[in-house]
$ cat target37.csv   # CSV, C-alpha atoms
chain,number,residue,atom,x,y,z
Y,1,MET,CA,-195.0,133.2,286.6
Y,2,ARG,CA,-193.7,134.3,283.3
Y,3,VAL,CA,-190.2,134.7,284.6
Y,4,LYS,CA,-190.1,131.1,285.9
Y,5,GLU,CA,-191.2,129.8,282.5
Y,6,ARG,CA,-188.3,131.6,280.9
Y,7,ASN,CA,-185.8,130.2,283.4
Y,8,LEU,CA,-187.0,126.7,282.7
Y,9,ARG,CA,-186.3,127.1,279.1
Y,10,ARG,CA,-182.8,128.5,279.6
Y,11,PRO,CA,-180.6,125.9,281.2
Y,12,ASN,CA,-178.2,127.0,284.0
Y,13,SER,CA,-174.5,127.3,283.0
Y,14,HIS,CA,-173.5,124.1,284.7
Y,15,VAL,CA,-176.2,122.2,282.7
Y,16,ARG,CA,-174.8,123.7,279.5
Y,17,GLU,CA,-171.3,122.6,280.5
Y,18,PHE,CA,-172.5,119.1,281.2
Y,19,GLU,CA,-174.3,118.9,277.9
Y,20,ALA,CA,-171.2,120.1,276.1
Y,21,VAL,CA,-168.9,117.5,277.7
Y,22,PHE,CA,-171.5,114.8,277.2
Y,23,ALA,CA,-171.9,115.6,273.5
Y,24,LYS,CA,-168.1,115.2,273.0
Y,25,GLN,CA,-168.0,111.8,274.6
Y,26,ARG,CA,-168.4,108.7,272.6
Y,27,ALA,CA,-170.3,105.6,273.9
Y,28,PRO,CA,-167.8,103.0,275.1
Y,29,THR,CA,-167.3,100.0,272.8
Y,30,PHE,CA,-167.4,96.7,274.6
Y,31,THR,CA,-166.0,93.5,273.1
Y,32,PHE,CA,-166.2,90.0,274.3
Y,33,ASN,CA,-164.0,88.5,271.7
Y,34,HIS,CA,-161.3,86.2,273.0
Y,35,HIS,CA,-158.8,87.6,270.5
Y,36,PRO,CA,-157.7,91.0,271.8
Y,37,ASN,CA,-156.9,92.3,268.3
Y,38,ASN,CA,-160.2,91.1,266.8
Y,39,THR,CA,-162.1,94.1,265.6
Y,40,MET,CA,-164.6,92.2,263.5
Y,41,ARG,CA,-167.7,94.2,262.9
Y,42,ILE,CA,-170.9,92.2,262.9
Y,43,THR,CA,-172.6,92.7,259.6
Y,44,ARG,CA,-175.6,91.1,258.0
Y,45,ASP,CA,-173.3,89.3,255.6
Y,46,ASN,CA,-171.2,87.9,258.5
Y,47,LEU,CA,-174.3,86.6,260.3
Y,48,LEU,CA,-175.9,85.2,257.1
Y,49,HIS,CA,-172.6,83.3,256.2
Y,50,ALA,CA,-172.4,81.9,259.8
Y,51,ALA,CA,-176.0,80.8,259.8
Y,52,LYS,CA,-175.7,79.2,256.3
Y,53,SER,CA,-172.5,77.4,257.3
Y,54,LEU,CA,-174.2,75.8,260.4
Y,55,CYS,CA,-177.3,74.8,258.4
Y,56,THR,CA,-175.2,73.4,255.6
Y,57,ASP,CA,-173.2,71.3,258.0
Y,58,PHE,CA,-176.3,70.0,259.8
Y,59,ALA,CA,-178.1,69.2,256.5
Y,60,SER,CA,-174.9,67.4,255.4
Y,61,LYS,CA,-175.2,65.2,258.6
Y,62,LYS,CA,-171.9,66.3,260.1
Y,63,ASP,CA,-171.2,64.8,263.5
Y,64,PRO,CA,-171.9,66.7,266.7
Y,65,ASP,CA,-168.2,67.6,267.2
Y,66,ALA,CA,-168.1,69.2,263.7
Y,67,LEU,CA,-171.4,71.1,264.4
Y,68,MET,CA,-169.9,72.5,267.7
Y,69,THR,CA,-167.3,74.5,265.6
Y,70,HIS,CA,-170.2,76.8,264.9
Y,71,PHE,CA,-170.9,77.5,268.6
Y,72,SER,CA,-169.5,80.1,270.9
Y,73,THR,CA,-166.5,79.4,273.2
Y,74,THR,CA,-166.8,82.7,274.9
Y,75,HIS,CA,-170.5,82.6,276.0
Y,76,GLN,CA,-172.6,79.9,277.5
Y,77,CYS,CA,-174.5,78.1,274.7
Y,78,VAL,CA,-178.0,76.7,274.9
Y,79,ALA,CA,-180.0,74.5,272.5
Y,80,TYR,CA,-183.8,74.4,273.0
Y,81,GLU,CA,-186.3,72.7,270.9
Y,82,HIS,CA,-189.8,73.9,271.8
Y,83,GLY,CA,-192.3,71.3,272.9
Y,84,LEU,CA,-193.4,69.1,275.7
Y,85,PRO,CA,-190.6,67.0,277.2
Y,86,ILE,CA,-192.9,64.0,277.4
Y,87,LEU,CA,-193.2,63.9,273.6
Y,88,ALA,CA,-189.6,63.3,272.7
Y,89,PRO,CA,-186.2,63.2,274.6
Y,90,PHE,CA,-184.9,66.4,272.8
Y,91,LEU,CA,-188.1,68.5,273.4
Y,92,GLY,CA,-188.8,71.1,276.1
Y,93,ARG,CA,-185.5,70.9,277.9
Y,94,TYR,CA,-182.5,73.2,277.9
Y,95,PHE,CA,-179.3,71.7,276.7
Y,96,VAL,CA,-176.9,74.1,278.4
Y,97,GLY,CA,-173.2,74.7,277.7
Y,98,ARG,CA,-171.1,73.3,274.9
Y,99,ASP,CA,-171.4,69.7,276.3
Y,100,GLY,CA,-175.1,70.2,276.6
Y,101,VAL,CA,-175.5,71.4,273.0
Y,102,ARG,CA,-173.3,68.5,271.9
Y,103,ASP,CA,-175.7,66.1,273.8
Y,104,TYR,CA,-178.6,67.7,272.0
Y,105,PHE,CA,-177.2,66.9,268.6
Y,106,LYS,CA,-176.2,63.4,269.8
Y,107,THR,CA,-179.8,62.8,271.0
Y,108,ILE,CA,-181.2,64.0,267.7
Y,109,ALA,CA,-178.8,61.6,265.8
Y,110,SER,CA,-179.8,58.6,268.0
Y,111,THR,CA,-183.5,59.3,267.7
Y,112,LEU,CA,-184.1,60.6,264.2
Y,113,SER,CA,-182.7,60.4,260.7
Y,114,PHE,CA,-183.5,62.8,257.9
Y,115,ASP,CA,-183.3,63.2,254.1
Y,116,ARG,CA,-183.6,66.1,251.7
Y,117,MET,CA,-183.0,68.8,254.3
Y,118,GLU,CA,-182.9,72.3,252.9
Y,119,PHE,CA,-183.0,75.8,254.3
Y,120,SER,CA,-184.5,79.0,252.9
Y,121,GLU,CA,-185.9,82.4,253.9
Y,122,TYR,CA,-183.1,83.6,256.1
Y,123,ILE,CA,-184.0,86.7,258.1
Y,124,VAL,CA,-181.0,88.5,259.5
Y,125,ASP,CA,-181.1,91.2,262.2
Y,126,ALA,CA,-177.5,92.4,262.6
Y,127,GLU,CA,-178.5,94.9,265.3
Y,128,VAL,CA,-179.5,92.1,267.8
Y,129,GLN,CA,-177.1,89.5,266.1
Y,130,LYS,CA,-179.9,87.1,265.3
Y,131,VAL,CA,-180.9,85.0,262.3
Y,132,SER,CA,-184.2,83.1,261.7
Y,133,VAL,CA,-184.4,80.5,259.0
Y,134,LYS,CA,-187.0,78.1,257.6
Y,135,GLY,CA,-186.0,74.5,257.0
Y,136,ARG,CA,-187.7,71.5,255.5
Y,137,ALA,CA,-186.8,67.8,255.5
Y,138,ARG,CA,-188.2,64.3,255.6
Y,139,PHE,CA,-187.6,62.9,259.1
Y,140,THR,CA,-187.7,59.2,260.2
Y,141,TRP,CA,-188.1,58.1,263.8
Y,142,LEU,CA,-185.5,55.4,264.0
Y,143,SER,CA,-187.1,52.9,266.4
Y,144,SER,CA,-190.5,52.9,264.6
Y,145,GLU,CA,-189.1,53.6,261.1
Y,146,GLN,CA,-192.1,56.0,260.5
Y,147,SER,CA,-191.4,59.1,258.4
Y,148,TRP,CA,-193.0,62.5,257.9
Y,149,ASP,CA,-192.3,65.6,255.9
Y,150,GLU,CA,-191.8,68.7,258.1
Y,151,ILE,CA,-191.2,72.4,257.9
Y,152,PHE,CA,-189.4,73.9,260.9
Y,153,THR,CA,-187.8,77.1,262.1
Y,154,TYR,CA,-184.5,77.9,263.7
Y,155,VAL,CA,-183.8,81.1,265.6
Y,156,LEU,CA,-180.0,81.6,266.1
Y,157,ASP,CA,-178.4,84.2,268.4
Y,158,PHE,CA,-174.7,85.0,267.8
Y,159,ASP,CA,-171.8,86.4,269.8
Y,160,ASP,CA,-169.3,89.0,268.6
Y,161,ASP,CA,-167.3,86.3,266.8
Y,162,CYS,CA,-170.4,85.2,264.8
Y,163,LYS,CA,-170.6,81.9,266.7
Y,164,VAL,CA,-174.0,80.6,267.9
Y,165,THR,CA,-175.0,81.2,271.5
Y,166,ASP,CA,-178.7,80.3,271.5
Y,167,TYR,CA,-180.1,77.7,269.1
Y,168,HIS,CA,-184.0,77.5,269.2
Y,169,VAL,CA,-186.1,75.1,267.1
Y,170,TRP,CA,-189.8,75.1,266.4
Y,171,ALA,CA,-191.0,71.9,264.7
Y,172,ASP,CA,-193.9,69.5,264.3
Y,173,THR,CA,-193.8,67.9,267.8
Y,174,GLY,CA,-197.0,66.0,267.2
Y,175,ALA,CA,-195.7,64.2,264.2
Y,176,ALA,CA,-192.5,63.3,266.1
Y,177,TYR,CA,-194.5,61.9,269.0
Y,178,LEU,CA,-196.9,59.9,266.8
Y,179,ALA,CA,-193.9,58.5,264.9
Y,180,SER,CA,-192.2,57.6,268.1
Y,181,LYS,CA,-195.2,55.5,269.1
Y,182,GLY,CA,-195.7,54.0,265.6
Y,183,GLN,CA,-199.0,55.7,265.3
Y,184,LEU,CA,-198.2,58.2,262.5
Y,185,SER,CA,-200.9,57.9,259.8
Y,186,THR,CA,-199.4,57.7,256.3
Y,187,GLY,CA,-202.7,58.4,254.5
$ encode --input "target37.csv" --output "structure tokens"
Amino acid sequence: MRVKERNLRRPNSHVREFEAVFAKQRAPTFTFNHHPNNTMRITRDNLLHAAKSLCTDFASKKDPDALMTHFSTTHQCVAYEHGLPILAPFLGRYFVGRDGVRDYFKTIASTLSFDRMEFSEYIVDAEVQKVSVKGRARFTWLSSEQSWDEIFTYVLDFDDDCKVTDYHVWADTGAAYLASKGQLSTG
């Protein structure tokens, strides 16, 4: 029994050769960039800048086409605002592809207006290419003209060009629903 234990601890020569070859190899680098010479390394600063640029443009009430410049052209994009679809036309449904994301922003613009939008508390994870950010604004449901103050969260996923692929929103869906029905208490 003692001999077998020693043999288990000492790898065979072919195992040692494999380990030596494997140790010399580097993991392959994959890139999905549409520019063959693009060697941009995703850093925390790159992601933070990209997220802040999108948030600034949204807060500045840029039109949907301008907002789309922040979204990937190499990956399928998705916008999703969490909530029940019966509460608002932009909630609980996936807006898929660049046209879908554009439709999401058009739906928001045709349903809501906002003032004093600001963003803070950016959390950046460069390893998974994701940014989370807290926002706040005063929203108004256009058809009822009822307004409410809201704090919301975005989670943004990015491709290798620092363009958004996944845009997730968590917000006060109850206030939006009540405002849509003209039942939002202002007291």
$ residues_around --input "target37.csv" --residues "Leu91 in chain Y" --least-positions-apart "6" --cutoff "9 Å" --atoms "all atoms listed in the file" --output "PyMOL selection string"
chain Y and resi 80-85+173
$ write_last_selection --input "target37.csv" --atoms "C-alpha atoms" --output "PDB file, in the frame of the given file"
ATOM      1  CA  TYR Y  80    -183.800  74.400 273.000  1.00  0.00           C
ATOM      2  CA  GLU Y  81    -186.300  72.700 270.900  1.00  0.00           C
ATOM      3  CA  HIS Y  82    -189.800  73.900 271.800  1.00  0.00           C
ATOM      4  CA  GLY Y  83    -192.300  71.300 272.900  1.00  0.00           C
ATOM      5  CA  LEU Y  84    -193.400  69.100 275.700  1.00  0.00           C
ATOM      6  CA  PRO Y  85    -190.600  67.000 277.200  1.00  0.00           C
ATOM      7  CA  THR Y 173    -193.800  67.900 267.800  1.00  0.00           C
TER       8      THR Y 173
END
$ atom_distance --input "target37.csv" --atom1 "CA of Arg44 in chain Y" --atom2 "CA of Ala126 in chain Y"
5.1 Å
$ closest_residue --input "target37.csv" --among "Y:Glu145, Y:Asp157, Y:Asp103, Y:Glu118" --to "Phe90 in chain Y" --atoms "all atoms listed in the file"
Y:Asp103
$ atom_distance --input "target37.csv" --atom1 "CA of Trp148 in chain Y" --atom2 "CA of Tyr122 in chain Y"
23.4 Å
$ residues_around --input "target37.csv" --residues "Ala109 in chain Y" --least-positions-apart "3" --cutoff "12 Å" --atoms "only C-alpha atoms" --output "PyMOL selection string"
chain Y and resi 58+61-64+89-90+102-106+112-114+139-142
$ residues_around --input "target37.csv" --residues "Cys55 in chain Y" --least-positions-apart "4" --cutoff "8 Å" --atoms "only C-alpha atoms" --output "PyMOL selection string"
chain Y and resi 51+59+119
$ atom_distance --input "target37.csv" --atom1 "CA of Cys77 in chain Y" --atom2 "CA of Arg98 in chain Y"
5.9 Å
$ residues_near_point --input "target37.csv" --point "(-182.3, 79.3, 268.2)" --cutoff "10 Å" --atoms "only C-alpha atoms" --output "PDB file with C-alpha atoms, keeping the file's coordinate frame"
ATOM      1  CA  VAL Y  78    -178.000  76.700 274.900  1.00  0.00           C
ATOM      2  CA  ALA Y  79    -180.000  74.500 272.500  1.00  0.00           C
ATOM      3  CA  TYR Y  80    -183.800  74.400 273.000  1.00  0.00           C
ATOM      4  CA  GLU Y  81    -186.300  72.700 270.900  1.00  0.00           C
ATOM      5  CA  HIS Y  82    -189.800  73.900 271.800  1.00  0.00           C
ATOM      6  CA  LYS Y 130    -179.900  87.100 265.300  1.00  0.00           C
ATOM      7  CA  VAL Y 131    -180.900  85.000 262.300  1.00  0.00           C
ATOM      8  CA  SER Y 132    -184.200  83.100 261.700  1.00  0.00           C
ATOM      9  CA  VAL Y 133    -184.400  80.500 259.000  1.00  0.00           C
ATOM     10  CA  THR Y 153    -187.800  77.100 262.100  1.00  0.00           C
ATOM     11  CA  TYR Y 154    -184.500  77.900 263.700  1.00  0.00           C
ATOM     12  CA  VAL Y 155    -183.800  81.100 265.600  1.00  0.00           C
ATOM     13  CA  LEU Y 156    -180.000  81.600 266.100  1.00  0.00           C
ATOM     14  CA  ASP Y 157    -178.400  84.200 268.400  1.00  0.00           C
ATOM     15  CA  PHE Y 158    -174.700  85.000 267.800  1.00  0.00           C
ATOM     16  CA  VAL Y 164    -174.000  80.600 267.900  1.00  0.00           C
ATOM     17  CA  THR Y 165    -175.000  81.200 271.500  1.00  0.00           C
ATOM     18  CA  ASP Y 166    -178.700  80.300 271.500  1.00  0.00           C
ATOM     19  CA  TYR Y 167    -180.100  77.700 269.100  1.00  0.00           C
ATOM     20  CA  HIS Y 168    -184.000  77.500 269.200  1.00  0.00           C
ATOM     21  CA  VAL Y 169    -186.100  75.100 267.100  1.00  0.00           C
ATOM     22  CA  TRP Y 170    -189.800  75.100 266.400  1.00  0.00           C
TER      23      TRP Y 170
END
$ closest_residue --input "target37.csv" --among "Y:Leu178, Y:Leu48, Y:Ile108, Y:Cys162" --to "Glu121 in chain Y" --atoms "only C-alpha atoms"
Y:Leu48
$ closest_residue --input "target37.csv" --among "Y:Tyr177, Y:Phe95, Y:Phe71, Y:Phe152" --to "Gly135 in chain Y" --atoms "only C-alpha atoms"
Y:Phe152
$ closest_residue --input "target37.csv" --among "Y:Ala66, Y:Val124, Y:Ile151, Y:Ala176" --to "Asn46 in chain Y" --atoms "only C-alpha atoms"
Y:Val124
$ build_atoms --input "target37.csv" --residues "range 61-82 of chain Y" --atoms "N, CA, C and O atoms" --output "CSV table (one decimal), in the frame of the given file"
chain,number,residue,atom,x,y,z
Y,61,LYS,N,-175.3,66.2,257.5
Y,61,LYS,CA,-175.2,65.2,258.6
Y,61,LYS,C,-173.8,65.1,259.2
Y,61,LYS,O,-173.3,64.0,259.5
Y,62,LYS,N,-173.2,66.3,259.4
Y,62,LYS,CA,-171.9,66.3,260.1
Y,62,LYS,C,-172.1,65.8,261.5
Y,62,LYS,O,-173.2,66.0,262.1
Y,63,ASP,N,-171.1,65.3,262.1
Y,63,ASP,CA,-171.2,64.8,263.5
Y,63,ASP,C,-171.2,65.9,264.5
Y,63,ASP,O,-170.9,67.1,264.1
Y,64,PRO,N,-171.7,65.6,265.7
Y,64,PRO,CA,-171.9,66.7,266.7
Y,64,PRO,C,-170.6,67.5,266.9
Y,64,PRO,O,-170.7,68.7,267.1
Y,65,ASP,N,-169.5,66.9,266.9
Y,65,ASP,CA,-168.2,67.6,267.2
Y,65,ASP,C,-168.0,68.7,266.1
Y,65,ASP,O,-167.5,69.8,266.3
Y,66,ALA,N,-168.3,68.3,264.8
Y,66,ALA,CA,-168.1,69.2,263.7
Y,66,ALA,C,-169.1,70.4,263.8
Y,66,ALA,O,-168.8,71.5,263.6
Y,67,LEU,N,-170.3,70.1,264.3
Y,67,LEU,CA,-171.4,71.1,264.4
Y,67,LEU,C,-170.9,72.1,265.5
Y,67,LEU,O,-171.3,73.3,265.5
Y,68,MET,N,-170.2,71.6,266.5
Y,68,MET,CA,-169.9,72.5,267.7
Y,68,MET,C,-168.9,73.5,267.3
Y,68,MET,O,-168.7,74.5,268.0
Y,69,THR,N,-168.2,73.4,266.1
Y,69,THR,CA,-167.3,74.5,265.6
Y,69,THR,C,-168.1,75.8,265.3
Y,69,THR,O,-167.5,76.8,265.3
Y,70,HIS,N,-169.4,75.7,265.2
Y,70,HIS,CA,-170.2,76.8,264.9
Y,70,HIS,C,-170.7,77.5,266.2
Y,70,HIS,O,-171.4,78.6,266.1
Y,71,PHE,N,-170.4,77.0,267.4
Y,71,PHE,CA,-170.9,77.5,268.6
Y,71,PHE,C,-169.9,78.2,269.4
Y,71,PHE,O,-168.7,77.9,269.3
Y,72,SER,N,-170.3,79.2,270.2
Y,72,SER,CA,-169.5,80.1,270.9
Y,72,SER,C,-168.6,79.3,272.0
Y,72,SER,O,-169.0,78.4,272.6
Y,73,THR,N,-167.4,79.8,272.1
Y,73,THR,CA,-166.5,79.4,273.2
Y,73,THR,C,-166.3,80.4,274.2
Y,73,THR,O,-165.7,80.2,275.2
Y,74,THR,N,-166.9,81.6,274.0
Y,74,THR,CA,-166.8,82.7,274.9
Y,74,THR,C,-168.1,83.0,275.7
Y,74,THR,O,-168.1,83.8,276.6
Y,75,HIS,N,-169.2,82.4,275.3
Y,75,HIS,CA,-170.5,82.6,276.0
Y,75,HIS,C,-171.1,81.2,276.3
Y,75,HIS,O,-170.8,80.2,275.6
Y,76,GLN,N,-171.9,81.1,277.3
Y,76,GLN,CA,-172.6,79.9,277.5
Y,76,GLN,C,-173.6,79.6,276.4
Y,76,GLN,O,-174.4,80.5,276.1
Y,77,CYS,N,-173.6,78.5,275.8
Y,77,CYS,CA,-174.5,78.1,274.7
Y,77,CYS,C,-175.7,77.4,275.3
Y,77,CYS,O,-175.6,76.8,276.3
Y,78,VAL,N,-176.8,77.5,274.5
Y,78,VAL,CA,-178.0,76.7,274.9
Y,78,VAL,C,-178.6,76.3,273.6
Y,78,VAL,O,-178.7,77.0,272.6
Y,79,ALA,N,-179.2,75.0,273.6
Y,79,ALA,CA,-180.0,74.5,272.5
Y,79,ALA,C,-181.3,74.2,273.2
Y,79,ALA,O,-181.4,73.6,274.2
Y,80,TYR,N,-182.4,74.6,272.5
Y,80,TYR,CA,-183.8,74.4,273.0
Y,80,TYR,C,-184.7,74.1,271.9
Y,80,TYR,O,-184.9,75.0,271.0
Y,81,GLU,N,-185.3,73.0,271.9
Y,81,GLU,CA,-186.3,72.7,270.9
Y,81,GLU,C,-187.7,72.7,271.6
Y,81,GLU,O,-188.0,72.0,272.5
Y,82,HIS,N,-188.5,73.7,271.1
Y,82,HIS,CA,-189.8,73.9,271.8
Y,82,HIS,C,-190.7,72.8,271.7
Y,82,HIS,O,-190.9,72.2,270.6
